[in-house]
>>> print(open('upload.cif').read())   # mmCIF, C-alpha atoms
data_entry
#
loop_
_atom_site.label_atom_id
_atom_site.label_comp_id
_atom_site.auth_asym_id
_atom_site.auth_seq_id
_atom_site.Cartn_x
_atom_site.Cartn_y
_atom_site.Cartn_z
CA ARG A 87 0.00 0.00 0.00
CA GLY A 88 1.39 3.47 -0.94
CA LEU A 89 2.03 6.16 1.60
CA PRO A 90 -0.50 8.92 1.97
CA HIS A 91 0.09 12.13 0.00
CA GLY A 92 2.62 14.26 1.82
CA GLY A 93 4.28 11.28 3.52
CA ALA A 94 7.95 10.82 4.38
CA GLU A 95 9.04 9.41 1.00
CA PRO A 96 7.93 12.41 -1.13
CA ARG A 97 9.48 14.80 1.38
CA GLN A 98 12.76 12.89 1.25
CA LYS A 99 12.79 12.98 -2.56
CA MET A 100 12.08 16.71 -2.52
CA SER A 101 14.92 17.30 -0.05
CA THR A 102 17.32 15.32 -2.26
CA TYR A 103 16.15 17.27 -5.31
CA ASN A 104 16.72 20.61 -3.57
CA ALA A 105 20.22 19.60 -2.46
CA ALA A 106 21.11 18.58 -6.02
CA LEU A 107 19.72 21.83 -7.41
CA LYS A 108 21.77 23.88 -4.95
CA ALA A 109 24.92 22.00 -5.94
CA VAL A 110 24.30 22.69 -9.65
CA LEU A 111 23.68 26.39 -8.97
CA CYS A 112 26.88 26.68 -6.91
CA LEU A 113 28.92 25.11 -9.70
CA ALA A 114 27.35 27.44 -12.28
CA LEU A 115 28.05 30.52 -10.16
CA ALA A 116 31.63 29.44 -9.56
CA ALA A 117 32.20 28.99 -13.28
CA SER A 118 30.70 32.38 -14.16
CA SER A 119 32.68 34.22 -11.50
CA ASP A 120 35.85 32.55 -12.70
CA ALA A 121 35.24 34.01 -16.14
CA PHE A 122 35.51 37.52 -14.66
CA THR A 123 38.39 36.80 -12.30
CA PRO A 124 41.62 38.66 -13.21
CA SER A 125 44.14 36.39 -14.88
CA VAL A 126 46.73 37.08 -12.21
CA LEU A 127 44.49 35.25 -9.72
CA ILE A 128 44.28 32.16 -11.94
CA PRO A 129 47.82 30.84 -12.56
CA SER A 130 46.79 28.36 -15.26
CA ARG A 131 45.08 31.07 -17.31
CA LEU A 132 48.03 33.42 -16.91
CA ALA A 133 50.42 30.67 -18.04
CA ALA A 134 48.33 29.99 -21.14
CA GLN A 135 48.25 33.69 -22.05
CA SER A 136 51.99 34.05 -21.52
CA ALA A 137 52.67 30.98 -23.65
CA ALA A 138 50.45 32.32 -26.43
CA LEU A 139 52.35 35.61 -26.51
CA THR A 140 55.87 34.22 -26.15
CA GLY A 141 55.57 30.94 -28.02
CA ALA A 142 56.71 28.99 -24.95
CA SER A 143 55.07 25.79 -23.72
CA PRO A 144 52.89 26.32 -20.65
CA LEU A 145 54.10 24.66 -17.46
CA PRO A 146 52.01 22.00 -15.73
CA LEU A 147 49.35 23.41 -13.44
CA GLY A 148 51.12 22.34 -10.26
CA THR A 149 54.33 24.06 -11.34
CA VAL A 150 52.52 27.27 -12.18
CA ALA A 151 50.65 27.27 -8.90
CA ARG A 152 53.91 26.91 -6.97
CA ASN A 153 55.67 29.63 -8.95
CA HIS A 154 52.91 32.06 -9.84
CA ARG A 155 54.65 34.82 -7.85
CA ARG A 156 57.54 34.90 -10.32
CA ALA A 157 57.61 37.66 -12.93
CA SER A 158 55.57 36.80 -16.01
CA PRO A 159 56.60 37.63 -19.59
CA LEU A 160 53.37 39.65 -19.72
CA CYS A 161 54.77 41.99 -17.07
CA ALA A 162 58.33 42.14 -18.39
CA PRO A 163 59.60 45.67 -19.03
CA SER A 164 59.83 46.71 -22.66
CA MET A 165 63.28 48.19 -22.15
CA ALA A 166 66.19 47.39 -19.89
CA GLY A 167 67.25 50.95 -19.08
CA LYS A 168 65.54 53.64 -17.03
CA GLY A 169 63.03 55.90 -18.70
CA ILE A 170 60.57 55.66 -21.60
CA GLY A 171 61.33 54.53 -25.13
CA PHE A 172 59.80 56.50 -28.02
CA SER A 173 59.50 55.96 -31.74
CA GLU A 174 61.87 58.02 -33.87
CA LYS A 175 58.93 58.68 -36.20
CA LEU A 176 57.09 60.99 -33.80
CA ASP A 177 56.28 64.08 -35.85
CA GLY A 178 54.94 67.23 -34.25
CA LYS A 179 55.50 69.68 -37.11
CA GLU A 180 51.77 70.32 -37.51
CA MET A 181 50.92 70.36 -33.80
CA ARG A 182 50.18 73.12 -31.34
CA LEU A 183 51.12 72.18 -27.77
CA GLY A 184 50.68 73.82 -24.39
CA ILE A 185 52.95 74.00 -21.35
CA VAL A 186 51.70 75.22 -17.96
CA TYR A 187 54.39 75.61 -15.30
CA THR A 188 54.76 76.98 -11.77
CA ARG A 189 56.94 79.63 -10.16
CA TRP A 190 57.03 77.53 -7.00
CA ASN A 191 60.40 75.71 -6.86
CA THR A 192 61.32 77.59 -10.03
CA GLU A 193 64.95 76.36 -10.02
CA VAL A 194 63.89 72.79 -10.75
CA VAL A 195 60.74 73.65 -12.67
CA SER A 196 62.76 75.72 -15.17
CA LYS A 197 64.92 72.66 -15.94
CA LEU A 198 61.86 70.48 -16.42
CA ARG A 199 60.29 73.13 -18.63
CA GLU A 200 63.39 73.31 -20.83
CA GLY A 201 63.46 69.53 -20.98
CA THR A 202 59.83 69.48 -22.10
CA ARG A 203 60.53 72.03 -24.81
CA SER A 204 63.54 70.00 -25.93
CA GLY A 205 61.43 66.85 -26.12
CA MET A 206 58.93 68.68 -28.31
CA ILE A 207 61.27 70.73 -30.51
CA ASP A 208 64.46 68.69 -30.75
CA LYS A 209 62.96 65.20 -30.60
CA CYS A 210 59.65 65.70 -32.43
CA ALA A 211 60.19 68.76 -34.66
CA VAL A 212 57.48 70.86 -33.03
CA LYS A 213 57.77 74.47 -34.18
CA GLU A 214 58.74 76.82 -31.36
CA GLU A 215 56.01 79.29 -32.32
CA ASN A 216 53.45 76.50 -31.87
CA ILE A 217 54.22 76.08 -28.17
CA VAL A 218 51.89 78.07 -25.90
CA GLU A 219 53.02 78.63 -22.31
CA PHE A 220 51.25 79.80 -19.14
CA GLU A 221 52.99 80.55 -15.84
CA VAL A 222 51.07 80.11 -12.59
CA PRO A 223 52.02 80.56 -8.91
CA GLY A 224 51.94 76.94 -7.79
CA ALA A 225 50.76 73.38 -8.41
CA TRP A 226 47.29 74.13 -7.02
CA GLU A 227 46.69 76.49 -9.96
CA LEU A 228 47.93 74.10 -12.67
CA PRO A 229 44.62 72.29 -13.37
CA VAL A 230 42.55 75.42 -13.96
CA ALA A 231 45.25 76.97 -16.17
CA ALA A 232 45.48 73.73 -18.15
CA ARG A 233 41.68 73.79 -18.40
CA TYR A 234 41.75 77.25 -19.96
CA MET A 235 44.05 75.86 -22.64
CA ALA A 236 42.13 72.64 -23.23
CA LEU A 237 38.71 74.29 -23.48
CA THR A 238 39.86 76.43 -26.41
CA GLN A 239 40.40 73.21 -28.40
CA LYS A 240 43.33 75.07 -29.96
CA VAL A 241 46.04 72.82 -28.53
CA ASP A 242 46.61 69.16 -29.26
CA ALA A 243 48.02 68.36 -25.80
CA VAL A 244 49.02 70.12 -22.59
CA VAL A 245 51.90 69.44 -20.18
CA ALA A 246 51.46 70.65 -16.59
CA ILE A 247 54.78 71.07 -14.74
CA GLY A 248 55.35 71.58 -11.03
CA VAL A 249 57.51 70.39 -8.16
CA LEU A 250 56.23 69.56 -4.68
CA VAL A 251 58.59 68.68 -1.83
CA LYS A 252 57.24 67.01 1.29
CA GLY A 253 57.38 69.14 4.41
CA GLU A 254 56.37 68.76 8.03
CA THR A 255 52.62 69.12 7.49
CA ASP A 256 49.97 67.41 5.33
CA HIS A 257 49.88 70.34 2.91
CA TYR A 258 52.07 68.46 0.43
CA ASP A 259 49.67 65.50 0.21
CA MET A 260 46.62 67.74 -0.07
CA ILE A 261 48.04 69.70 -3.01
CA LYS A 262 49.61 66.73 -4.79
CA ASP A 263 46.58 64.45 -4.68
CA ALA A 264 44.05 67.13 -5.61
CA ALA A 265 46.09 68.58 -8.48
CA CYS A 266 46.93 65.19 -10.00
CA SER A 267 43.32 64.03 -9.77
CA ALA A 268 42.11 67.26 -11.38
CA LEU A 269 44.51 66.86 -14.31
CA MET A 270 43.24 63.33 -14.95
CA THR A 271 39.62 64.49 -14.82
CA LEU A 272 40.42 67.36 -17.18
CA GLN A 273 41.79 65.18 -19.96
CA LEU A 274 38.94 62.70 -19.65
CA GLU A 275 36.31 65.45 -19.82
CA THR A 276 37.84 67.45 -22.68
CA GLY A 277 39.50 64.71 -24.70
CA ILE A 278 42.69 66.78 -24.83
CA PRO A 279 45.72 64.82 -23.52
CA VAL A 280 47.02 66.44 -20.32
CA LEU A 281 50.43 65.18 -19.21
CA ASN A 282 51.04 65.10 -15.46
CA GLY A 283 54.41 66.77 -14.95
CA ILE A 284 54.02 67.26 -11.21
CA LEU A 285 56.94 65.77 -9.31
CA GLY A 286 56.16 64.73 -5.75
CA CYS A 287 59.47 64.29 -3.94
CA HIS A 288 60.58 63.79 -0.36
CA ASN A 289 63.50 66.20 -0.71
CA MET A 290 64.97 68.64 -3.20
CA GLU A 291 67.77 66.23 -4.12
CA GLN A 292 65.21 63.80 -5.54
CA ALA A 293 63.66 66.59 -7.59
CA GLU A 294 67.04 67.74 -8.95
CA ALA A 295 67.91 64.17 -9.95
CA ARG A 296 64.73 63.98 -12.05
CA ALA A 297 65.33 67.31 -13.77
CA THR A 298 68.98 66.93 -14.75
CA GLY A 299 70.83 65.46 -17.73
CA ASP A 300 69.63 62.26 -19.37
CA ASN A 301 67.16 61.72 -16.51
CA ASN A 302 65.31 64.96 -17.18
CA HIS A 303 61.69 63.81 -17.07
CA GLY A 304 60.61 66.88 -19.00
CA VAL A 305 62.06 65.43 -22.21
CA TRP A 306 59.82 62.38 -21.83
CA TRP A 307 56.79 64.55 -21.09
CA GLY A 308 57.37 66.55 -24.28
CA GLN A 309 57.61 63.39 -26.38
CA SER A 310 54.62 61.86 -24.60
CA ALA A 311 52.57 64.94 -25.46
CA VAL A 312 53.33 64.49 -29.15
CA GLU A 313 52.59 60.77 -29.02
CA MET A 314 49.24 61.25 -27.28
CA ALA A 315 48.31 64.15 -29.57
CA THR A 316 49.09 61.93 -32.56
CA LEU A 317 46.84 59.22 -31.14
CA ARG A 318 44.00 61.70 -30.61
CA ASN A 319 44.33 63.29 -34.02
CA THR A 320 44.44 59.89 -35.72
CA GLN A 321 41.29 58.73 -33.95
CA MET A 322 39.52 61.99 -34.82
CA GLY A 323 40.43 61.61 -38.49
CA LYS A 324 42.80 64.58 -38.64
CA VAL A 325 45.70 62.36 -39.73
CA SER A 326 45.83 58.85 -41.12
CA SER A 327 47.50 55.97 -39.29
CA ASP A 328 50.62 56.34 -41.48
CA GLY A 329 50.98 59.98 -40.50
CA ALA A 330 49.66 61.59 -43.67
CA VAL A 331 47.85 64.82 -42.90
CA LYS A 332 44.14 64.70 -43.71
CA LYS A 333 43.25 68.02 -42.17
CA LYS A 334 45.84 70.48 -41.03
CA VAL A 335 46.00 70.45 -37.26
CA MET A 336 46.08 74.19 -36.80
CA PHE A 337 43.48 76.48 -35.29
#
>>> encode(input="upload.cif", output="structure tokens")
Amino acid sequence: RGLPHGGAEPRQKMSTYNAALKAVLCLALAASSDAFTPSVLIPSRLAAQSAALTGASPLPLGTVARNHRRASPLCAPSMAGKGIGFSEKLDGKEMRLGIVYTRWNTEVVSKLREGTRSGMIDKCAVKEENIVEFEVPGAWELPVAARYMALTQKVDAVVAIGVLVKGETDHYDMIKDAACSALMTLQLETGIPVLNGILGCHNMEQAEARATGDNNHGVWWGQSAVEMATLRNTQMGKVSSDGAVKKKVMF
């Protein structure tokens, strides 16, 4: 004779069914979350990507798991020396670029400014008359001055230059963080590349080291401005990908 409706056997089957359903859902959720997990957290996926890019054979899973803290070819630096490498084909002859710099710590800022001009003129053939410059009191004023330039849409890129040296109070951190954040927001809102040339150093010796000789960061900022302006102008159809001028970039 069968058990009455709602007896122990149907309840047991329903409980088993629910447990199985929960297990299937957990597996599905785990698989979907894995799909969005950064590769660095999944050694096997990182190894496969590295092998695809380098042509090397991926290591067994156990080996990768034990050694996933080692540097990956994906993270290897593109150059052995210090600094940034640039293409020799960067051409700024048709560009108009802006430089905004501070009077605060003028001794070091002037070296960075000259380095930036050298990167533009000597390295990328930017015409000197096509460089627009604003001077402002300090780093706090850099973002708004750079904004005045960017909003005209008459420059292809802007470099903001300043030097902040840590003191005894929190003033250094307040200025540095706010100014750098504002420069990032400015370029995202206007579409005009804005290079962050604000050095935040613990002492003046560190600043001097980054504004002198072959380590003058200004030279890299000038070249970076031309590179980013080229990218923008290419994407906007002002120049073709091979550098041919479609529409003269002058305003």
>>> closest_residue(input="upload.cif", among="A:Lys324, A:Lys262, A:Arg233, A:Lys197", to="Cys287 of chain A", atoms="only C-alpha atoms")
A:Lys262
>>> closest_residue(input="upload.cif", among="A:Leu176, A:Val194, A:Leu250, A:Leu274", to="Ile207 of chain A", atoms="only C-alpha atoms")
A:Leu176
>>> closest_residue(input="upload.cif", among="A:Ala265, A:Val244, A:Lys252, A:Gln321", to="Gln292 of chain A", atoms="only C-alpha atoms")
A:Lys252
>>> atom_distance(input="upload.cif", atom1="atom CA of Thr255 of chain A", atom2="atom CA of Gly286 of chain A")
14.4 Å
>>> residues_around(input="upload.cif", residues="segment 224-227 of chain A", least_positions_apart="5", cutoff="9 Å", atoms="all atoms listed in the file", output="list of chain:residue names")
A:Tyr187, A:Thr188, A:Arg189, A:Trp190, A:Asn191, A:Ala232, A:Ala246, A:Ile247, A:Gly248, A:Val249, A:Leu250, A:Ile261, A:Lys262, A:Ala264, A:Ala265, A:Ile284
>>> write_last_selection(input="upload.cif", atoms="C-alpha atoms", output="CSV table (one decimal), keeping the file's coordinate frame")
chain,number,residue,atom,x,y,z
A,187,TYR,CA,54.4,75.6,-15.3
A,188,THR,CA,54.8,77.0,-11.8
A,189,ARG,CA,56.9,79.6,-10.2
A,190,TRP,CA,57.0,77.5,-7.0
A,191,ASN,CA,60.4,75.7,-6.9
A,232,ALA,CA,45.5,73.7,-18.2
A,246,ALA,CA,51.5,70.6,-16.6
A,247,ILE,CA,54.8,71.1,-14.7
A,248,GLY,CA,55.4,71.6,-11.0
A,249,VAL,CA,57.5,70.4,-8.2
A,250,LEU,CA,56.2,69.6,-4.7
A,261,ILE,CA,48.0,69.7,-3.0
A,262,LYS,CA,49.6,66.7,-4.8
A,264,ALA,CA,44.0,67.1,-5.6
A,265,ALA,CA,46.1,68.6,-8.5
A,284,ILE,CA,54.0,67.3,-11.2
>>> closest_residue(input="upload.cif", among="A:Leu228, A:Leu317, A:Leu198, A:Ala236", to="Gly178 of chain A", atoms="all atoms listed in the file")
A:Leu317
>>> residues_around(input="upload.cif", residues="Gln309 of chain A", least_positions_apart="6", cutoff="9 Å", atoms="only C-alpha atoms", output="CSV table (one decimal) with C-alpha atoms, keeping the file's coordinate frame")
chain,number,residue,atom,x,y,z
A,172,PHE,CA,59.8,56.5,-28.0
A,176,LEU,CA,57.1,61.0,-33.8
A,202,THR,CA,59.8,69.5,-22.1
A,204,SER,CA,63.5,70.0,-25.9
A,205,GLY,CA,61.4,66.8,-26.1
A,206,MET,CA,58.9,68.7,-28.3
A,209,LYS,CA,63.0,65.2,-30.6
A,210,CYS,CA,59.6,65.7,-32.4
>>> atom_distance(input="upload.cif", atom1="atom CA of Val305 of chain A", atom2="atom CA of Leu281 of chain A")
12.0 Å
